[in-house]
$ cat coords_34.cif   # mmCIF, C-alpha atoms
data_coords
#
loop_
_atom_site.label_atom_id
_atom_site.label_comp_id
_atom_site.auth_asym_id
_atom_site.auth_seq_id
_atom_site.Cartn_x
_atom_site.Cartn_y
_atom_site.Cartn_z
CA MET X 1 -31.38 66.81 -70.74
CA LYS X 2 -28.32 66.25 -68.54
CA LYS X 3 -29.40 62.69 -67.77
CA ASN X 4 -29.79 61.97 -71.50
CA SER X 5 -26.29 63.34 -72.18
CA THR X 6 -24.87 61.15 -69.40
CA LYS X 7 -26.61 58.07 -70.80
CA ILE X 8 -25.30 58.81 -74.30
CA LEU X 9 -21.76 59.24 -72.93
CA ILE X 10 -21.98 55.96 -70.99
CA LEU X 11 -23.32 54.17 -74.07
CA LEU X 12 -20.52 55.60 -76.24
CA ILE X 13 -17.87 54.53 -73.72
CA ALA X 14 -19.37 51.03 -73.56
CA ILE X 15 -19.41 50.73 -77.37
CA ILE X 16 -15.77 51.86 -77.67
CA ILE X 17 -14.61 49.40 -75.02
CA ILE X 18 -16.62 46.46 -76.40
CA VAL X 19 -15.74 47.07 -80.06
CA GLY X 20 -12.10 47.69 -79.13
CA ALA X 21 -11.99 44.44 -77.13
CA CYS X 22 -13.46 42.52 -80.08
CA ILE X 23 -10.89 43.99 -82.50
CA ILE X 24 -8.04 43.18 -80.09
CA GLY X 25 -9.36 39.63 -79.79
CA ILE X 26 -9.60 39.19 -83.57
CA LYS X 27 -6.76 41.31 -85.01
CA GLY X 28 -4.70 42.34 -82.00
CA LEU X 29 -3.22 45.80 -81.61
CA ALA X 30 -1.21 47.58 -84.31
CA PHE X 31 2.50 48.11 -83.66
CA GLU X 32 5.10 50.45 -85.08
CA LEU X 33 7.63 48.79 -87.37
CA LYS X 34 10.35 48.65 -84.69
CA TYR X 35 8.11 46.37 -82.61
CA GLN X 36 6.87 44.14 -85.48
CA ASN X 37 8.33 41.02 -87.07
CA SER X 38 10.78 42.63 -89.47
CA LYS X 39 14.03 42.20 -91.37
CA LYS X 40 17.18 44.27 -91.18
CA ILE X 41 20.46 44.70 -92.99
CA GLU X 42 23.51 46.66 -91.86
CA VAL X 43 25.79 48.22 -94.45
CA GLY X 44 29.15 49.95 -94.01
CA LEU X 45 29.45 52.75 -96.57
CA SER X 46 32.85 54.06 -95.41
CA LYS X 47 31.63 57.62 -95.85
CA LYS X 48 29.06 59.86 -94.19
CA PHE X 49 25.55 59.65 -95.59
CA GLU X 50 22.38 61.72 -95.51
CA GLU X 51 19.23 59.93 -94.37
CA LYS X 52 17.18 61.55 -97.15
CA ASP X 53 19.50 60.05 -99.77
CA ILE X 54 19.13 56.57 -98.29
CA LYS X 55 15.37 57.17 -98.06
CA GLU X 56 15.18 57.90 -101.79
CA ILE X 57 16.89 54.59 -102.52
CA THR X 58 14.75 52.55 -100.10
CA ASN X 59 11.56 54.15 -101.47
CA GLU X 60 12.55 52.93 -104.91
CA ILE X 61 13.51 49.43 -103.73
CA PHE X 62 10.86 48.74 -101.09
CA GLU X 63 8.12 50.98 -102.55
CA LYS X 64 5.26 51.22 -100.02
CA GLN X 65 6.91 49.22 -97.25
CA PRO X 66 7.63 51.17 -94.04
CA VAL X 67 11.37 51.61 -93.49
CA ILE X 68 13.53 52.63 -90.51
CA ILE X 69 16.94 54.10 -91.36
CA GLU X 70 19.49 54.48 -88.55
CA PRO X 71 23.21 55.29 -88.41
CA ILE X 72 25.13 52.57 -86.54
CA GLU X 73 28.60 54.11 -86.28
CA ILE X 74 29.75 57.22 -84.45
CA TYR X 75 30.97 58.73 -87.72
CA GLU X 76 27.64 57.91 -89.43
CA ASP X 77 29.37 55.97 -92.19
CA ALA X 78 27.35 52.78 -91.67
CA VAL X 79 23.60 52.37 -91.88
CA SER X 80 20.97 49.99 -90.56
CA ILE X 81 17.88 49.51 -92.76
CA THR X 82 14.84 47.80 -91.27
CA THR X 83 11.59 46.98 -93.06
CA THR X 84 8.82 44.41 -93.03
CA GLU X 85 10.35 42.16 -95.71
CA ILE X 86 13.67 42.03 -97.56
CA THR X 87 13.98 39.56 -100.41
CA GLU X 88 17.31 38.54 -101.95
CA GLU X 89 16.37 40.49 -105.07
CA GLN X 90 15.61 43.61 -103.03
CA LYS X 91 18.89 43.23 -101.14
CA ASN X 92 20.86 42.91 -104.38
CA ASN X 93 19.15 45.95 -105.88
CA LEU X 94 19.71 47.95 -102.69
CA ILE X 95 23.43 47.12 -102.60
CA ALA X 96 23.77 48.02 -106.26
CA LYS X 97 22.12 51.39 -105.69
CA LEU X 98 24.29 52.09 -102.62
CA ASN X 99 27.44 51.19 -104.54
CA GLU X 100 26.41 53.56 -107.32
CA LYS X 101 25.47 56.39 -104.94
CA TYR X 102 28.50 56.18 -102.64
CA GLU X 103 31.10 54.69 -104.99
CA ALA X 104 31.39 51.77 -102.60
CA GLU X 105 32.44 48.18 -103.29
CA LEU X 106 29.82 46.34 -101.28
CA VAL X 107 29.27 42.66 -102.04
CA ALA X 108 25.66 41.53 -101.62
CA GLU X 109 26.71 37.96 -100.76
CA ASN X 110 28.65 39.23 -97.74
CA ILE X 111 25.67 41.10 -96.26
CA GLU X 112 23.18 39.09 -94.24
CA ILE X 113 19.47 39.71 -93.80
CA GLU X 114 18.70 39.64 -90.06
CA GLU X 115 15.28 38.74 -88.70
CA LYS X 116 13.81 40.73 -85.80
CA SER X 117 11.05 39.18 -83.70
CA HIS X 118 7.82 40.88 -82.68
CA VAL X 119 7.99 42.67 -79.32
CA ARG X 120 4.98 41.97 -77.11
CA GLY X 121 2.94 44.87 -75.79
CA ARG X 122 3.43 43.74 -72.19
CA ASP X 123 7.20 43.91 -72.66
CA ILE X 124 6.94 47.52 -73.92
CA ILE X 125 4.95 48.74 -70.92
CA LYS X 126 6.67 46.57 -68.30
CA PRO X 127 9.21 49.26 -67.19
CA TYR X 128 6.32 51.68 -66.56
CA ILE X 129 4.01 49.41 -64.55
CA LYS X 130 5.67 49.78 -61.14
CA PRO X 131 5.98 53.62 -61.25
CA PHE X 132 2.40 53.83 -62.55
CA ILE X 133 1.11 51.75 -59.63
CA ILE X 134 3.10 53.73 -57.04
CA VAL X 135 1.87 57.09 -58.36
CA SER X 136 -1.70 55.79 -58.54
CA VAL X 137 -1.62 54.59 -54.92
CA ILE X 138 -0.33 57.99 -53.78
CA ILE X 139 -3.00 59.87 -55.75
CA LEU X 140 -5.82 57.59 -54.58
CA ALA X 141 -4.67 57.94 -50.97
CA TYR X 142 -4.58 61.73 -51.36
CA LEU X 143 -8.11 61.81 -52.81
CA ALA X 144 -9.43 59.55 -50.05
CA ILE X 145 -7.93 61.82 -47.36
CA ARG X 146 -8.93 65.09 -49.01
CA TYR X 147 -12.52 64.02 -49.59
CA TYR X 148 -12.98 61.71 -46.60
CA LYS X 149 -16.25 63.47 -45.72
CA LEU X 150 -17.72 62.09 -48.96
CA ASN X 151 -16.90 58.54 -47.76
CA ALA X 152 -13.26 57.53 -48.35
CA LEU X 153 -14.15 54.08 -49.71
CA LYS X 154 -16.59 55.56 -52.20
CA VAL X 155 -13.97 58.08 -53.33
CA LEU X 156 -11.40 55.30 -53.81
CA VAL X 157 -13.77 53.07 -55.80
CA GLN X 158 -15.00 55.88 -58.04
CA SER X 159 -11.48 57.24 -58.64
CA PHE X 160 -10.11 53.81 -59.47
CA GLY X 161 -13.06 53.18 -61.79
CA ILE X 162 -12.58 56.47 -63.66
CA ILE X 163 -8.85 55.82 -64.12
CA VAL X 164 -9.37 52.25 -65.35
CA ILE X 165 -12.25 53.12 -67.67
CA SER X 166 -10.36 56.06 -69.20
CA GLN X 167 -7.41 53.79 -70.02
CA ALA X 168 -9.77 51.14 -71.41
CA VAL X 169 -11.36 53.79 -73.66
CA LEU X 170 -7.91 54.85 -74.89
CA LEU X 171 -7.02 51.24 -75.64
CA GLY X 172 -10.34 50.78 -77.44
CA ILE X 173 -9.78 53.89 -79.57
CA MET X 174 -6.26 52.73 -80.45
CA ALA X 175 -7.60 49.33 -81.48
CA ILE X 176 -10.46 50.76 -83.56
CA THR X 177 -8.41 53.45 -85.31
CA ARG X 178 -5.32 51.18 -85.60
CA ILE X 179 -3.05 53.76 -83.95
CA PRO X 180 0.18 51.76 -83.60
CA ILE X 181 1.80 50.97 -80.27
CA GLY X 182 5.07 52.90 -80.25
CA LYS X 183 6.83 56.05 -79.12
CA LEU X 184 3.57 58.00 -78.72
CA THR X 185 1.82 55.35 -76.62
CA ILE X 186 3.24 56.26 -73.20
CA PRO X 187 2.67 60.03 -73.68
CA LEU X 188 -0.94 59.29 -74.67
CA VAL X 189 -1.40 57.08 -71.61
CA LEU X 190 -0.01 59.81 -69.35
CA ILE X 191 -2.22 62.51 -70.91
CA VAL X 192 -5.34 60.38 -70.44
CA TYR X 193 -4.19 59.53 -66.93
CA MET X 194 -3.86 63.21 -66.00
CA ILE X 195 -7.26 63.99 -67.52
CA SER X 196 -8.88 61.17 -65.53
CA ASN X 197 -7.36 62.51 -62.32
CA TYR X 198 -8.64 65.99 -63.15
CA ILE X 199 -12.12 64.53 -63.71
CA CYS X 200 -11.94 62.84 -60.29
CA VAL X 201 -10.98 66.07 -58.52
CA ALA X 202 -13.61 68.12 -60.38
CA ARG X 203 -16.28 65.52 -59.55
CA PHE X 204 -15.48 65.36 -55.84
CA GLU X 205 -15.12 69.14 -55.53
CA LYS X 206 -18.59 69.54 -57.00
CA MET X 207 -20.00 66.88 -54.65
CA ARG X 208 -18.37 68.59 -51.65
CA GLN X 209 -19.76 71.99 -52.61
CA LEU X 210 -23.24 70.53 -53.05
CA GLY X 211 -22.92 68.93 -49.61
CA GLN X 212 -21.97 72.23 -48.03
CA SER X 213 -24.76 74.23 -49.68
#
$ encode --input "coords_34.cif" --output "C-alpha cells"
Amino acid sequence: MKKNSTKILILLIAIIIIVGACIIGIKGLAFELKYQNSKKIEVGLSKKFEEKDIKEITNEIFEKQPVIIEPIEIYEDAVSITTTEITEEQKNNLIAKLNEKYEAELVAENIEIEEKSHVRGRDIIKPYIKPFIIVSVIILAYLAIRYYKLNALKVLVQSFGIIVISQAVLLGIMAITRIPIGKLTIPLVLIVYMISNYICVARFEKMRQLGQS
C-alpha cells in the first residue's frame, strides 16, 4: 500500500513538472501587471484623493482591465495610473472624469501615455539568488555533518534533489494554474523551501532511527 502511494506521488510530481514545463515553453509564466508590458499616465490633481474614488473612475473607463493606482507625491495630490492598454480615447475620457470629480483643469493633450516594458523573471529573482545559494550551502553542509553516518554524499545528493524538485513542482503549479509572478512569489518559494528542508530532516531522522534499531 505504501509503495503504491509513493508511486502515485512520484507520478503526480512528474506530471506537474512535465505539464508545467510544456506550458512555460508554449505560453510562458503569468506576471502581475507591474511586471507586464503596460502603459501609464501621471496626473497632478492639486488636491488629495482617495484611491477608491480613482478606482471607480478607472473601472468605468478601463472596464475589465487590471489597474494599478499609486500616489506619486508626498501630499498625495498626484496619481499614477497603470494598466495594460491606454488609448487616446480612454485618456481623454479619464481626464474629463478627473476634471469633473476634482474640479481640476487638466488638459489631455499635455498628459503623455508612457510605455513600461516587461520585466523578465530572472531580473525579479536576481537579488535573491546569492542569499539563496549561501543559505542552501550552509543547510546542506549541516545535514551532511549531522547525518554523516548515513553517508554524507548520499545525504547531500538526496537533500539537493528534494529541494530542487520541490521548487520545480512549485513552478509547475504556478504555470498550470497561471498564478502570476509578483509580490507573493518569493514568500511562496521560501515556504516551499522550508517544507523541503523539513522533509529532508524528517527523512534522515527516520533512516537514522531505523539504522539504530
$ closest_residue --input "coords_34.cif" --among "X:Ser46, X:Gln65, X:Asn92, X:Gln167" --to "Val79 of chain X" --atoms "only C-alpha atoms"
X:Ser46
$ atom_distance --input "coords_34.cif" --atom1 "atom CA of Phe132 of chain X" --atom2 "atom CA of Leu33 of chain X"
25.9 Å
$ closest_residue --input "coords_34.cif" --among "X:Ile95, X:Arg178, X:Arg122, X:Ser159" --to "Ile139 of chain X" --atoms "all atoms listed in the file"
X:Ser159
$ residues_around --input "coords_34.cif" --residues "Lys64 of chain X" --least-positions-apart "2" --cutoff "12 Å" --atoms "only C-alpha atoms" --output "number ranges by chain"
X: 55, 58-62, 66-67, 83-85
$ resolve_selection --input "coords_34.cif" --expression "the PyMOL selection byres ((chain X and resi 32) around 8)" --output "list in words"
Ala30, Phe31, Leu33, Lys34, Tyr35, Gln36, Pro180, Ile181 and Gly182 of chain X
$ closest_residue --input "coords_34.cif" --among "X:Ile134, X:Ile57, X:Ile165, X:Val157" --to "Asn93 of chain X" --atoms "all atoms listed in the file"
X:Ile57
$ build_atoms --input "coords_34.cif" --residues "segment 109-123 of chain X" --atoms "N, CA and C atoms" --output "compact mmCIF listing (two decimals), in the coordinates of the input"
# COMPACT_ATOMS: atom_id res chain seq x y z
N GLU X 109 26.59 39.29 -101.38
CA GLU X 109 26.71 37.96 -100.76
C GLU X 109 27.30 38.02 -99.36
N ASN X 110 28.02 39.09 -99.06
CA ASN X 110 28.65 39.23 -97.74
C ASN X 110 27.75 39.93 -96.71
N ILE X 111 26.59 40.37 -97.15
CA ILE X 111 25.67 41.10 -96.26
C ILE X 111 24.46 40.22 -95.94
N GLU X 112 24.26 39.98 -94.66
CA GLU X 112 23.18 39.09 -94.24
C GLU X 112 21.90 39.85 -93.94
N ILE X 113 20.78 39.17 -94.17
CA ILE X 113 19.47 39.71 -93.80
C ILE X 113 19.13 39.16 -92.41
N GLU X 114 19.01 40.05 -91.43
CA GLU X 114 18.70 39.64 -90.06
C GLU X 114 17.20 39.71 -89.80
N GLU X 115 16.70 38.74 -89.05
CA GLU X 115 15.28 38.74 -88.70
C GLU X 115 15.10 39.27 -87.28
N LYS X 116 14.13 40.18 -87.12
CA LYS X 116 13.81 40.73 -85.80
C LYS X 116 12.43 40.24 -85.39
N SER X 117 12.33 39.73 -84.17
CA SER X 117 11.05 39.18 -83.70
C SER X 117 10.13 40.27 -83.17
N HIS X 118 8.85 39.97 -83.21
CA HIS X 118 7.82 40.88 -82.68
C HIS X 118 8.01 41.10 -81.18
N VAL X 119 7.90 42.34 -80.75
CA VAL X 119 7.99 42.67 -79.32
C VAL X 119 6.57 42.73 -78.76
N ARG X 120 6.32 41.99 -77.69
CA ARG X 120 4.98 41.97 -77.11
C ARG X 120 4.66 43.28 -76.40
N GLY X 121 3.38 43.63 -76.43
CA GLY X 121 2.94 44.87 -75.79
C GLY X 121 3.29 44.92 -74.32
N ARG X 122 3.15 43.78 -73.63
CA ARG X 122 3.43 43.74 -72.19
C ARG X 122 4.91 44.02 -71.90
N ASP X 123 5.78 43.65 -72.85
CA ASP X 123 7.20 43.91 -72.66
C ASP X 123 7.53 45.40 -72.85
